[in-house]
Amino acid sequence: MTVETSAEPVPATAAPTVEFISLTHTNPSTELEPIPTRGIDLPFVKRYVRTLEDAGFDATLLPYGSSSADSFVLASAVGQLSDTLKPIVAVRPNTVFPTVAAQQLATLDQLTEGRAVLHLISGGNDAEQARQGDYLPKDQRYARTGEFIDVLRRAWTEKESFSYAGEHYRFDDFGPGFPPYGDSIPISFGGQSDAAFAIGAATADIFAFWGEPLADVKGQIERVHSIAAAAGRTERPRIWVTFRPIIDRTDDLAWAKAHDYVERIARNLDNSPPRKRFTGAPQNVGSQRALEFAQRQEIYDRALWTRTTAVTNAAGASSALVGSPETVAAAILDYIDLGASLVSIRGYDTLNDVIDYGRYVLPLVRQELAHRKATGRRGTLQSEHLGALAAAARP
């Protein structure tokens with residue numbers, strides 16, 4: 001397929017490449033069709049990982065929660081089930097000592113020949129932290145994460161043993177630690193509070209955001225880069241954005257599907273056990289921001305939809321991109337133009353959505369990026385598939 005060339009040059013802020021990330025599910029239960037289970041459906045996991053590979057995803061997140069499967073063990077399994085996927089291990093620093101985490105991650109990295117990635121979650125909910133004995137205030141949790149990162153990097157690179165005496169970690173004569181496959185392991189950081197920006201922008205390789213309106217993501221990226229520069233960093237953190245795309249053959253069909261999905265999700269939440277419901281004002285700034293956007297308006301930019309956020313009370317990544325594959329691909333490119341080089345997309349019909357994204361969305365984005373590399377110009381995908389922008393422009 002030939003990509004038509006636009007007259008517009010590629011924005012100076014645009015990422016030249018993109019890696020697509022999914023999230024590994026351990027059983028067929030979804031928000032649309034919940035299946036009561038706390039177990040792992042191994043045949044489903046094997047099929048899901050194969051499907052991610054076939055769809056062309058680059059990486060998959062292994063999430064962490066106090067009642068979920070262990071992210072390290074799952075990451076090791078995914079690393080062996082796949083020859084290409086990067087397992088991204090979500091870790092909360094309160095659950096593992098940093099020298100032990102360094103050893104676990106380096107082992108995973110060697111077993112996967114350099115594919116391991118770490119995603120640090122400092123903890124945004126006091127009740128969830130307390131379930132595993134963590135009672136630190138939020139700002140101190142971020143300070144602890146900063147020390148955690150420092151210890152990890154030293155454990156992977158120091159040639160001699162070293163001691164450490166921080167506010168949150170102390171040990172004597174550790175190392176040299178077990179080495180990773182390469183020089184180091186990428187560290188991703190999540191959080192939207194001032195403390196999160198201060199620590200993450202200064203220390204992490206990747207800074208992760210949920211899907212927000214373009215103007216707001218632009219401001220957040222600029223803030224990360226500014227803090228990184230002030231910290232003396234010569235390389236800026238890579239930017240990761242996350243969405244829940246809802247696609248169909250046309251924009252109209254996709255919007256009809258999206259409204260059906262929200263009604264089903266709302267019904268399922270109404271019928272769920274009390275502990276599974278997310279009510280009241282969330283403590284984490286990311287969810288607070290997401291709800292503010294949802295209260296302000298329902299549709300932003302080309303395809304960003306916030307009703308999924310409102311109905312789930314911003315419990316995790318929930319902002320949707322709605323439209324045809326072309327419209328959603330164009331919307332993803334809008335964020336790539338701001339500098340996002342990692343894009344996480346996971347759907348509500350989890351396995352089938354992976355298949356559809358791989359068939360219809362990922363190729364369009366990658367084709368556009370190849371065109372840009374060859375010509376230095378944008379293709380016409382973004383100018384021809386305006387989505388909600390077209391409706392907003394009508395008199």
# chains A, B, ... in the order shown; residues from 1 in each chain; ligands from 1
$ select_by_dssp --residues "segment 69-283 of chain A" --states "strand (DSSP E or B)" --output "PyMOL selection string"
chain A and resi 86-91+117-120+162-165+170-174+187-190+206-210+238-243+246-247
$ select_by_dssp --residues "segment 145-250 of chain A" --states "alpha helix (DSSP H)" --output "PyMOL selection string"
chain A and resi 145-157+194-203+214-230
$ write_last_selection --atoms "C-alpha atoms" --output "PDB file, in the first residue's frame"
ATOM      1  CA  THR A 145      11.369   4.590  45.026  1.00  0.00           C
ATOM      2  CA  GLY A 146      14.209   7.001  44.281  1.00  0.00           C
ATOM      3  CA  GLU A 147      16.492   5.042  46.627  1.00  0.00           C
ATOM      4  CA  PHE A 148      15.226   1.792  45.093  1.00  0.00           C
ATOM      5  CA  ILE A 149      16.329   2.965  41.630  1.00  0.00           C
ATOM      6  CA  ASP A 150      19.716   4.060  42.955  1.00  0.00           C
ATOM      7  CA  VAL A 151      20.359   0.663  44.525  1.00  0.00           C
ATOM      8  CA  LEU A 152      19.237  -1.200  41.383  1.00  0.00           C
ATOM      9  CA  ARG A 153      21.572   0.698  39.100  1.00  0.00           C
ATOM     10  CA  ARG A 154      24.528   0.249  41.449  1.00  0.00           C
ATOM     11  CA  ALA A 155      23.773  -3.452  41.911  1.00  0.00           C
ATOM     12  CA  TRP A 156      23.870  -3.915  38.140  1.00  0.00           C
ATOM     13  CA  THR A 157      26.998  -1.852  37.473  1.00  0.00           C
ATOM     14  CA  ASP A 194       4.806  16.628  42.214  1.00  0.00           C
ATOM     15  CA  ALA A 195       6.871  14.043  44.089  1.00  0.00           C
ATOM     16  CA  ALA A 196       6.467  11.589  41.205  1.00  0.00           C
ATOM     17  CA  PHE A 197       7.722  14.114  38.666  1.00  0.00           C
ATOM     18  CA  ALA A 198      10.647  15.103  40.865  1.00  0.00           C
ATOM     19  CA  ILE A 199      11.882  11.516  41.267  1.00  0.00           C
ATOM     20  CA  GLY A 200      10.818   9.943  37.969  1.00  0.00           C
ATOM     21  CA  ALA A 201      11.971  12.673  35.606  1.00  0.00           C
ATOM     22  CA  ALA A 202      15.352  12.851  37.322  1.00  0.00           C
ATOM     23  CA  THR A 203      16.070   9.118  37.483  1.00  0.00           C
ATOM     24  CA  LEU A 214      -3.166  16.293  23.705  1.00  0.00           C
ATOM     25  CA  ALA A 215      -2.563  19.752  25.144  1.00  0.00           C
ATOM     26  CA  ASP A 216      -2.275  18.337  28.652  1.00  0.00           C
ATOM     27  CA  VAL A 217       0.062  15.505  27.661  1.00  0.00           C
ATOM     28  CA  LYS A 218       2.215  18.061  25.850  1.00  0.00           C
ATOM     29  CA  GLY A 219       2.522  20.073  29.064  1.00  0.00           C
ATOM     30  CA  GLN A 220       3.332  16.976  31.092  1.00  0.00           C
ATOM     31  CA  ILE A 221       6.053  15.892  28.656  1.00  0.00           C
ATOM     32  CA  GLU A 222       7.590  19.355  28.747  1.00  0.00           C
ATOM     33  CA  ARG A 223       7.585  19.195  32.537  1.00  0.00           C
ATOM     34  CA  VAL A 224       9.412  15.848  32.489  1.00  0.00           C
ATOM     35  CA  HIS A 225      12.011  17.158  30.085  1.00  0.00           C
ATOM     36  CA  SER A 226      12.530  20.326  32.112  1.00  0.00           C
ATOM     37  CA  ILE A 227      13.094  18.423  35.356  1.00  0.00           C
ATOM     38  CA  ALA A 228      15.408  15.964  33.608  1.00  0.00           C
ATOM     39  CA  ALA A 229      17.486  18.821  32.185  1.00  0.00           C
ATOM     40  CA  ALA A 230      17.668  20.541  35.582  1.00  0.00           C
TER      41      ALA A 230
END
$ closest_residue --among "A:Thr60, A:Ser68, A:Phe162, A:Val49" --to "Thr37 of chain A" --atoms "only C-alpha atoms"
A:Ser68
$ closest_atom_pairs --of "segment 12-118 of chain A" --to "segment 236-255 of chain A" --cutoff "10 Å" --atoms "only C-alpha atoms" --output "Markdown table"
| residue | atom | partner | partner_atom | distance |
| --- | --- | --- | --- | --- |
| A:Ala15 | CA | A:Arg238 | CA | 9.3 |
| A:Val18 | CA | A:Trp240 | CA | 9.7 |
| A:Glu19 | CA | A:Trp240 | CA | 9.3 |
| A:Phe20 | CA | A:Trp240 | CA | 9.6 |
| A:Ile21 | CA | A:Thr242 | CA | 8.7 |
| A:Ser22 | CA | A:Thr242 | CA | 9.2 |
$ closest_residue --among "A:Arg47, A:Ala55, A:Gly123, A:Ser341" --to "Gly358 of chain A" --atoms "only C-alpha atoms"
A:Ala55
$ closest_residue --among "A:Ala116, A:Ala258, A:Ala231, A:Ala77" --to "Pro186 of chain A" --atoms "only C-alpha atoms"
A:Ala116
$ residues_around --residues "Glu384 of chain A" --least-positions-apart "2" --cutoff "9 Å" --atoms "only C-alpha atoms" --output "list in words"
Glu326, Thr327, Ala330, Thr380, Leu381, Gln382 and Leu386 of chain A
$ closest_residue --among "A:Tyr335, A:Tyr357, A:Phe207, A:Phe174" --to "Pro16 of chain A" --atoms "only C-alpha atoms"
A:Tyr335
$ closest_residue --among "A:Asp134, A:Asp139, A:Glu158, A:Asp172" --to "Gln192 of chain A" --atoms "only C-alpha atoms"
A:Asp139
$ residues_around --residues "Asp83 of chain A" --least-positions-apart "5" --cutoff "10 Å" --atoms "only C-alpha atoms" --output "ChimeraX atom specification"
/A:50,53,78,112-113,115
$ closest_residue --among "A:Gly133, A:Ile35, A:Ser122, A:Ser319" --to "Tyr64 of chain A" --atoms "only C-alpha atoms"
A:Ser122
$ residues_around --residues "Ala204 of chain A" --least-positions-apart "6" --cutoff "7 Å" --atoms "only C-alpha atoms" --output "PyMOL selection string"
chain A and resi 187-189+237
$ residues_around --residues "Ser161 of chain A" --least-positions-apart "6" --cutoff "6 Å" --atoms "only C-alpha atoms" --output "PyMOL selection string"
chain A and resi 173-176
$ residues_around --residues "His168 of chain A" --least-positions-apart "2" --cutoff "9 Å" --atoms "only C-alpha atoms" --output "PyMOL selection string"
chain A and resi 140+143-144+147-148+165-166+170
